[in-house]
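Enquirer: Got a structure for you, model_14.txt, holding compact mmCIF, C-alpha atoms.
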# COMPACT_ATOMS: atom_id res chain seq x y z
CA MET W 14 10.89 4.58 -26.15
CA THR W 15 9.65 8.19 -25.79
CA GLN W 16 9.10 9.83 -22.44
CA GLN W 17 5.31 9.79 -22.98
CA ARG W 18 5.27 6.03 -23.51
CA ALA W 19 7.53 5.46 -20.53
CA THR W 20 5.16 7.57 -18.44
CA LEU W 21 2.21 5.46 -19.59
CA VAL W 22 4.11 2.33 -18.56
CA GLY W 23 4.70 3.86 -15.14
CA LEU W 24 1.03 4.80 -14.82
CA THR W 25 0.00 1.18 -15.36
CA ALA W 26 1.70 0.42 -12.03
CA ILE W 27 -0.86 2.67 -10.32
CA LEU W 28 -3.73 0.67 -11.78
CA LEU W 29 -2.06 -2.62 -10.89
CA TRP W 30 -1.43 -1.58 -7.28
CA SER W 31 -4.95 -0.18 -6.99
CA ALA W 32 -6.32 -3.66 -7.61
CA LEU W 33 -4.36 -5.24 -4.75
CA VAL W 34 -6.87 -4.55 -1.96
CA GLY W 35 -9.62 -6.45 -3.73
CA LEU W 36 -7.32 -9.22 -4.94
CA ILE W 37 -5.61 -9.85 -1.59
CA ARG W 38 -8.99 -10.00 0.12
CA SER W 39 -10.33 -12.38 -2.53
CA VAL W 40 -7.37 -14.74 -2.10
CA SER W 41 -7.58 -14.65 1.71
CA GLU W 42 -11.22 -15.76 1.59
CA GLY W 43 -10.12 -19.02 -0.01
CA LEU W 44 -6.67 -19.64 1.44
CA GLY W 45 -7.03 -17.89 4.80
CA PRO W 46 -5.62 -14.54 5.98
CA VAL W 47 -2.12 -15.89 6.67
CA GLY W 48 -1.96 -18.68 4.10
CA GLY W 49 -3.30 -16.48 1.32
CA ALA W 50 -0.80 -13.72 2.04
CA ALA W 51 2.05 -16.24 2.27
CA VAL W 52 1.27 -17.69 -1.16
CA ILE W 53 0.87 -14.23 -2.74
CA TYR W 54 4.20 -12.94 -1.43
CA THR W 55 6.01 -16.17 -2.30
CA LEU W 56 4.88 -16.09 -5.92
CA SER W 57 5.42 -12.33 -6.12
CA ALA W 58 8.99 -12.72 -4.86
CA VAL W 59 9.68 -15.29 -7.56
CA LEU W 60 8.22 -13.00 -10.22
CA LEU W 61 10.23 -10.04 -8.91
CA MET W 62 13.40 -12.07 -9.38
CA PHE W 63 12.68 -12.04 -13.12
CA THR W 64 11.24 -8.51 -13.49
CA VAL W 65 13.35 -6.50 -11.03
CA GLY W 66 16.17 -8.94 -10.33
CA MET W 67 17.99 -10.15 -7.24
CA PRO W 68 20.77 -7.66 -6.46
CA ARG W 69 24.04 -8.49 -4.78
CA LEU W 70 23.54 -8.02 -1.08
CA SER W 71 27.25 -7.29 -0.59
CA ASN W 72 26.69 -3.97 -2.38
CA PHE W 73 23.89 -2.92 -0.02
CA PRO W 74 24.48 -0.67 3.00
CA ARG W 75 24.10 -2.80 6.11
CA ARG W 76 21.83 -0.31 7.88
CA TYR W 77 19.46 -0.32 4.89
CA LEU W 78 19.31 -4.11 4.87
CA ILE W 79 18.47 -4.30 8.57
CA VAL W 80 16.21 -1.30 9.05
CA GLY W 81 14.65 -1.51 5.60
CA SER W 82 13.87 -5.21 6.00
CA LEU W 83 12.23 -4.75 9.41
CA LEU W 84 10.08 -1.82 8.29
CA PHE W 85 9.11 -3.27 4.91
CA VAL W 86 8.18 -6.71 6.25
CA SER W 87 6.24 -5.14 9.13
CA TYR W 88 4.27 -2.96 6.71
CA GLU W 89 3.41 -5.80 4.33
CA LEU W 90 2.28 -7.97 7.24
CA CYS W 91 0.04 -5.18 8.53
CA LEU W 92 -1.45 -4.53 5.10
CA SER W 93 -2.14 -8.13 4.07
CA LEU W 94 -3.38 -9.34 7.46
CA SER W 95 -5.59 -6.29 8.01
CA LEU W 96 -7.39 -7.13 4.77
CA GLY W 97 -7.55 -10.84 5.55
CA TYR W 98 -8.90 -10.36 9.09
CA ALA W 99 -11.61 -7.91 8.00
CA ALA W 100 -15.06 -9.15 8.98
CA SER W 101 -16.60 -8.48 5.57
CA ARG W 102 -15.68 -7.40 2.05
CA THR W 103 -16.94 -3.89 2.65
CA GLN W 104 -14.90 -3.64 5.83
CA ALA W 105 -11.83 -4.83 3.92
CA ILE W 106 -12.24 -1.90 1.51
CA GLU W 107 -12.58 0.47 4.47
CA VAL W 108 -9.44 -1.00 6.01
CA GLY W 109 -7.61 -0.54 2.73
CA MET W 110 -8.61 3.13 2.71
CA ILE W 111 -6.98 3.69 6.12
CA ASN W 112 -3.72 2.45 4.61
CA TYR W 113 -3.73 5.45 2.26
CA LEU W 114 -3.09 7.86 5.11
CA TRP W 115 0.61 7.13 4.54
CA PRO W 116 1.29 9.87 1.91
CA GLY W 117 0.30 12.68 4.28
CA MET W 118 2.09 11.01 7.18
CA THR W 119 5.23 10.63 5.05
CA ILE W 120 5.30 14.33 4.21
CA LEU W 121 4.65 15.33 7.83
CA LEU W 122 7.46 13.05 9.01
CA ALA W 123 9.81 14.36 6.32
CA VAL W 124 9.14 17.89 7.54
CA CYS W 125 9.86 16.93 11.16
CA VAL W 126 12.91 14.73 10.51
CA ASN W 127 14.54 16.32 7.45
CA GLN W 128 13.33 19.87 8.13
CA GLN W 129 11.91 19.96 4.63
CA LYS W 130 10.45 23.30 3.60
CA VAL W 131 6.69 23.31 3.58
CA ARG W 132 3.78 25.66 2.93
CA LEU W 133 0.94 26.33 5.33
CA TRP W 134 -1.61 24.11 3.59
CA LEU W 135 0.12 20.96 4.84
CA ILE W 136 -2.06 21.02 7.97
CA PRO W 137 -5.33 21.52 6.03
CA GLY W 138 -4.26 18.68 3.75
CA LEU W 139 -3.76 16.32 6.70
CA LEU W 140 -7.08 17.38 8.21
CA VAL W 141 -8.91 16.79 4.92
CA ALA W 142 -7.39 13.29 4.62
CA LEU W 143 -8.32 12.43 8.21
CA ALA W 144 -11.81 13.82 7.69
CA GLY W 145 -12.07 11.58 4.62
CA ILE W 146 -11.24 8.50 6.71
CA CYS W 147 -13.84 9.56 9.28
CA ARG W 148 -16.34 9.93 6.46
CA VAL W 149 -15.54 6.41 5.28
CA LEU W 150 -15.75 4.86 8.75
CA GLY W 151 -18.98 6.68 9.57
CA GLY W 152 -20.82 4.73 6.88
CA SER W 153 -24.24 6.03 5.90
CA ALA W 154 -24.26 8.17 9.07
CA GLY W 155 -21.41 10.32 7.69
CA PHE W 156 -19.46 12.17 10.38
CA SER W 157 -21.18 10.40 13.26
CA PHE W 158 -18.59 9.80 15.98
CA ALA W 159 -20.79 7.10 17.51
CA SER W 160 -20.86 5.21 14.19
CA ILE W 161 -17.09 5.63 13.76
CA ARG W 162 -16.47 4.34 17.29
CA ASP W 163 -18.78 1.36 16.85
CA ASN W 164 -17.15 0.52 13.52
CA LEU W 165 -13.65 0.60 14.99
CA TYR W 166 -14.69 -1.42 18.06
CA SER W 167 -16.24 -4.09 15.82
CA ASN W 168 -12.79 -5.16 14.58
CA PRO W 169 -9.96 -3.31 16.37
CA LEU W 170 -7.34 -5.81 15.12
CA SER W 171 -8.00 -5.17 11.44
CA TYR W 172 -8.30 -1.40 11.75
CA GLY W 173 -5.33 -1.23 14.11
CA LEU W 174 -3.13 -3.18 11.69
CA ALA W 175 -4.15 -0.89 8.83
CA PHE W 176 -3.32 2.28 10.75
CA SER W 177 -0.05 0.81 12.03
CA GLY W 178 0.87 -0.08 8.46
CA ALA W 179 0.30 3.50 7.30
CA VAL W 180 2.61 4.80 10.04
CA ILE W 181 5.28 2.16 9.37
CA TRP W 182 5.31 2.85 5.64
CA ALA W 183 5.69 6.58 6.25
CA VAL W 184 8.69 5.85 8.47
CA TYR W 185 10.11 3.51 5.83
CA CYS W 186 9.84 6.13 3.09
CA VAL W 187 11.61 8.79 5.14
CA VAL W 188 14.19 6.74 7.07
CA THR W 189 15.44 4.42 4.34
CA LYS W 190 15.77 7.03 1.59
CA LYS W 191 19.24 8.08 2.72
CA MET W 192 20.24 4.63 3.93
CA ALA W 193 19.55 2.94 0.59
CA ARG W 194 22.02 5.07 -1.43
CA GLY W 195 20.25 4.08 -4.63
CA SER W 196 19.91 0.38 -3.73
CA ASN W 197 16.64 -1.45 -4.34
CA GLY W 198 15.99 -4.34 -1.98
CA ILE W 199 12.40 -5.01 -3.01
CA THR W 200 13.00 -8.63 -4.09
CA LEU W 201 14.81 -9.49 -0.86
CA PHE W 202 12.13 -7.79 1.20
CA PHE W 203 9.37 -9.80 -0.48
CA LEU W 204 11.28 -13.02 0.16
CA LEU W 205 11.60 -12.12 3.84
CA THR W 206 7.90 -11.22 4.04
CA ALA W 207 6.96 -14.59 2.55
CA LEU W 208 9.28 -16.36 5.01
CA VAL W 209 7.74 -14.64 8.04
CA LEU W 210 4.22 -15.41 6.81
CA TRP W 211 5.04 -19.11 6.34
CA LEU W 212 6.57 -19.23 9.81
CA LYS W 213 3.36 -17.76 11.21
CA PHE W 214 1.29 -20.14 9.11
CA PHE W 215 3.00 -23.27 10.47
CA SER W 216 3.28 -22.01 14.05
CA ALA W 217 -0.45 -21.97 14.75
CA PRO W 218 -3.62 -23.69 13.46
CA GLN W 219 -4.95 -22.07 10.29
CA PRO W 220 -8.22 -22.35 8.36
CA GLU W 221 -8.26 -25.04 5.72
CA MET W 222 -7.29 -23.76 2.29
CA GLN W 223 -10.15 -23.94 -0.19
CA VAL W 224 -8.83 -23.64 -3.72
CA ASN W 225 -11.22 -22.89 -6.57
CA LEU W 226 -11.09 -21.16 -9.94
CA SER W 227 -11.97 -17.74 -8.53
CA VAL W 228 -9.20 -17.94 -5.92
CA LEU W 229 -6.65 -19.12 -8.49
CA ILE W 230 -7.51 -16.24 -10.85
CA SER W 231 -7.23 -13.71 -8.01
CA LEU W 232 -3.92 -15.25 -6.93
CA ILE W 233 -2.46 -14.99 -10.44
CA LEU W 234 -3.69 -11.41 -10.83
CA ALA W 235 -2.38 -10.36 -7.40
CA THR W 236 1.04 -11.84 -8.16
CA ALA W 237 1.14 -10.11 -11.54
CA ALA W 238 -0.03 -6.80 -10.04
CA ILE W 239 2.86 -6.82 -7.58
CA GLY W 240 5.59 -8.16 -9.84
CA PHE W 241 4.79 -6.19 -12.97
CA GLY W 242 3.67 -3.17 -10.95
CA TYR W 243 7.10 -2.62 -9.42
CA ALA W 244 8.81 -3.25 -12.75
CA ALA W 245 6.54 -0.75 -14.54
CA TRP W 246 7.00 1.86 -11.81
CA ASN W 247 10.79 1.56 -11.83
CA PHE W 248 10.82 1.90 -15.63
CA GLY W 249 8.57 4.94 -15.50
CA ILE W 250 10.70 6.60 -12.82
CA LEU W 251 13.84 6.11 -14.90
CA HIS W 252 12.49 7.17 -18.30
CA GLY W 253 9.12 8.89 -17.81
CA ASN W 254 7.65 12.08 -16.36
CA VAL W 255 8.03 11.68 -12.60
CA THR W 256 5.78 14.67 -11.81
CA VAL W 257 2.85 13.21 -13.74
CA MET W 258 3.34 9.81 -12.13
CA ALA W 259 3.60 11.27 -8.63
CA THR W 260 0.45 13.34 -9.11
CA ALA W 261 -1.51 10.37 -10.45
CA SER W 262 -0.38 8.16 -7.56
CA TYR W 263 -2.36 10.29 -5.11
CA PHE W 264 -5.57 9.15 -6.76
CA ILE W 265 -4.88 5.51 -5.83
CA PRO W 266 -7.45 5.61 -2.96
CA VAL W 267 -10.26 6.29 -5.44
CA PHE W 268 -8.95 3.78 -8.00
CA SER W 269 -8.45 1.18 -5.28
CA ALA W 270 -11.99 1.55 -3.93
CA LEU W 271 -13.43 1.38 -7.46
CA LEU W 272 -11.52 -1.78 -8.39
CA ALA W 273 -12.06 -3.44 -5.00
CA SER W 274 -15.80 -2.78 -5.24
CA PHE W 275 -15.83 -4.41 -8.68
CA ILE W 276 -13.61 -7.39 -7.76
CA LEU W 277 -15.40 -8.15 -4.49
CA GLN W 278 -18.88 -7.24 -5.77
CA ALA W 279 -19.31 -4.98 -2.74
CA PRO W 280 -21.38 -1.85 -3.43
CA LEU W 281 -20.16 1.25 -1.60
CA SER W 282 -22.23 4.13 -0.26
CA ALA W 283 -22.08 7.75 -1.38
CA PRO W 284 -20.40 8.84 1.91
CA PHE W 285 -17.66 6.27 1.24
CA TRP W 286 -16.89 7.75 -2.18
CA GLN W 287 -16.90 11.25 -0.71
CA GLY W 288 -14.45 10.09 1.94
CA ALA W 289 -12.19 8.42 -0.62
CA ALA W 290 -12.11 11.61 -2.69
CA MET W 291 -11.24 13.60 0.44
CA VAL W 292 -8.33 11.25 1.22
CA SER W 293 -6.94 11.80 -2.30
CA LEU W 294 -7.49 15.57 -2.11
CA GLY W 295 -5.81 15.76 1.30
CA SER W 296 -2.80 13.82 0.03
CA LEU W 297 -2.53 16.11 -2.99
CA LEU W 298 -2.62 19.18 -0.75
CA CYS W 299 0.14 17.71 1.43
CA TRP W 300 2.24 16.98 -1.66
CA GLY W 301 1.62 20.46 -3.07
CA ALA W 302 2.70 21.99 0.24
CA THR W 303 6.22 20.64 -0.29
CA ARG W 304 6.55 21.52 -3.97
CA GLU W 305 9.01 24.24 -4.87
CA ARG W 306 7.70 27.24 -6.76
Translate this structure into structure tokens?

Expert:
Amino acid sequence: MTQQRATLVGLTAILLWSALVGLIRSVSEGLGPVGGAAVIYTLSAVLLMFTVGMPRLSNFPRRYLIVGSLLFVSYELCLSLSLGYAASRTQAIEVGMINYLWPGMTILLAVCVNQQKVRLWLIPGLLVALAGICRVLGGSAGFSFASIRDNLYSNPLSYGLAFSGAVIWAVYCVVTKKMARGSNGITLFFLLTALVLWLKFFSAPQPEMQVNLSVLISLILATAAIGFGYAAWNFGILHGNVTVMATASYFIPVFSALLASFILQAPLSAPFWQGAAMVSLGSLLCWGATRER
């Protein structure tokens, strides 16, 4: 397969992952925030066994297994539960947008921890991304701090989980890169995430699962998006143009909002789209600040 085709395969992962916010929310409405996430990660782990494989744990660095597992599981819990606990479909899309602060946070952390060389527009990039989130949270009022405050106070759990997830994933990307030594524990991490979710599900009363055709379709699509998404991304990284794929990945906030709006039938305001574009632009500026000439 040529490099161009391999790159196209890798780019399909971006579209698949962009659909996850809408799909996870759709499943959680029928199966509950915890139950829905548990089923998604269980089926995804099974699919990953066939697409990515289950590596030999004896070959993995012990620190990567411990630290990587804790960070990865924590992030996936924050992401899935923040979407499930959102008070409405529109709020779920807003929560998903907060998650996309992680690219800028990752670069900032890499600069602080690894002393990575950086250009001056890293700070403007972070500010643009944060301003984009404020634009999203302000709703039709735009950059109204009162509207942003009221929005956050309406559901601090969901928004707090989303922001915590962004920070945790940034830490995961920076900390585990050296620990992994080329190992890929994604299948194991999904199994552990599913296990933790099932433990939470059976440890406390949960809403009754309501299974219907719409929920089943969303569940199948979410599982496929995760399983085939990671497989496509890994293939693209190995055989495709990594620069093109990395650049395209920073537009996931816009793609995610577009697909989530379509899947959940939740119209979004003009300020939201402006904010989503600002988040993508800020992430691109942060990435460009670390690129070598």

Enquirer: Taking only C-alpha atoms into account, which of W:Leu94, W:Met110, W:Val180, W:Leu44 comes nearest Arg148 (chain W)?

Expert: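 The closest residue to Arg148 (chain W) is W:Met110.
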
Enquirer: For the atom pair CA of Met118 (chain W) and CA of Gly138 (chain W), what is the interatomic distance in Å to one decimal place?

Expert: 10.5 Å

Enquirer: Just the number, please: distance in Å from CA of Tyr185 (chain W) to CA of Glu89 (chain W), one decimal.

Expert: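 Taking CA of Tyr185 (chain W) and CA of Glu89 (chain W), their separation equals 11.6 Å.
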
Enquirer: Considering all atoms listed in the file, state which residue in the set W:Asn247, W:Thr303, W:Gln104, W:Ser274 is at the smallest distance from Val22 (chain W).

Expert: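 Closest to Val22 (chain W) of all the choices is W:Asn247.
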
Enquirer: Applying 9 Å and only C-alpha atoms, which residues near Phe241 (chain W) remain after dropping the ones on its own chain fewer than 6 positions away? List them as a PyMOL selection string.

Expert: chain W and resi 26+29+60-61+64-65

Enquirer: Please produce an output containing C-alpha atoms for each residue in the selection, written as a PDB file, in the frame of the given file.

Expert:
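Dumped everything to part.pdb:
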ATOM      1  CA  ALA W  26       1.700   0.420 -12.030  1.00  0.00           C
ATOM      2  CA  LEU W  29      -2.060  -2.620 -10.890  1.00  0.00           C
ATOM      3  CA  LEU W  60       8.220 -13.000 -10.220  1.00  0.00           C
ATOM      4  CA  LEU W  61      10.230 -10.040  -8.910  1.00  0.00           C
ATOM      5  CA  THR W  64      11.240  -8.510 -13.490  1.00  0.00           C
ATOM      6  CA  VAL W  65      13.350  -6.500 -11.030  1.00  0.00           C
TER       7      VAL W  65
END

Enquirer: Pick from W:Thr119, W:Asn164, W:Gln219, W:Ser157: nearest to Cys186 (chain W), with only C-alpha atoms counted?

Expert: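 So, comparing all the options, the nearest one is W:Thr119.
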
Enquirer: Counting only C-alpha atoms, write as a list in words all protein and nucleic acid residues lying at most 7 Å from (-5.1, 12.3, -5.8) in the file's frame.

Expert: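 Final list of nearby residues, as requested, is Thr260, Ala261, Ser262, Tyr263, Phe264, Ile265, Ser293, Leu294, Ser296 and Leu297 of chain W.
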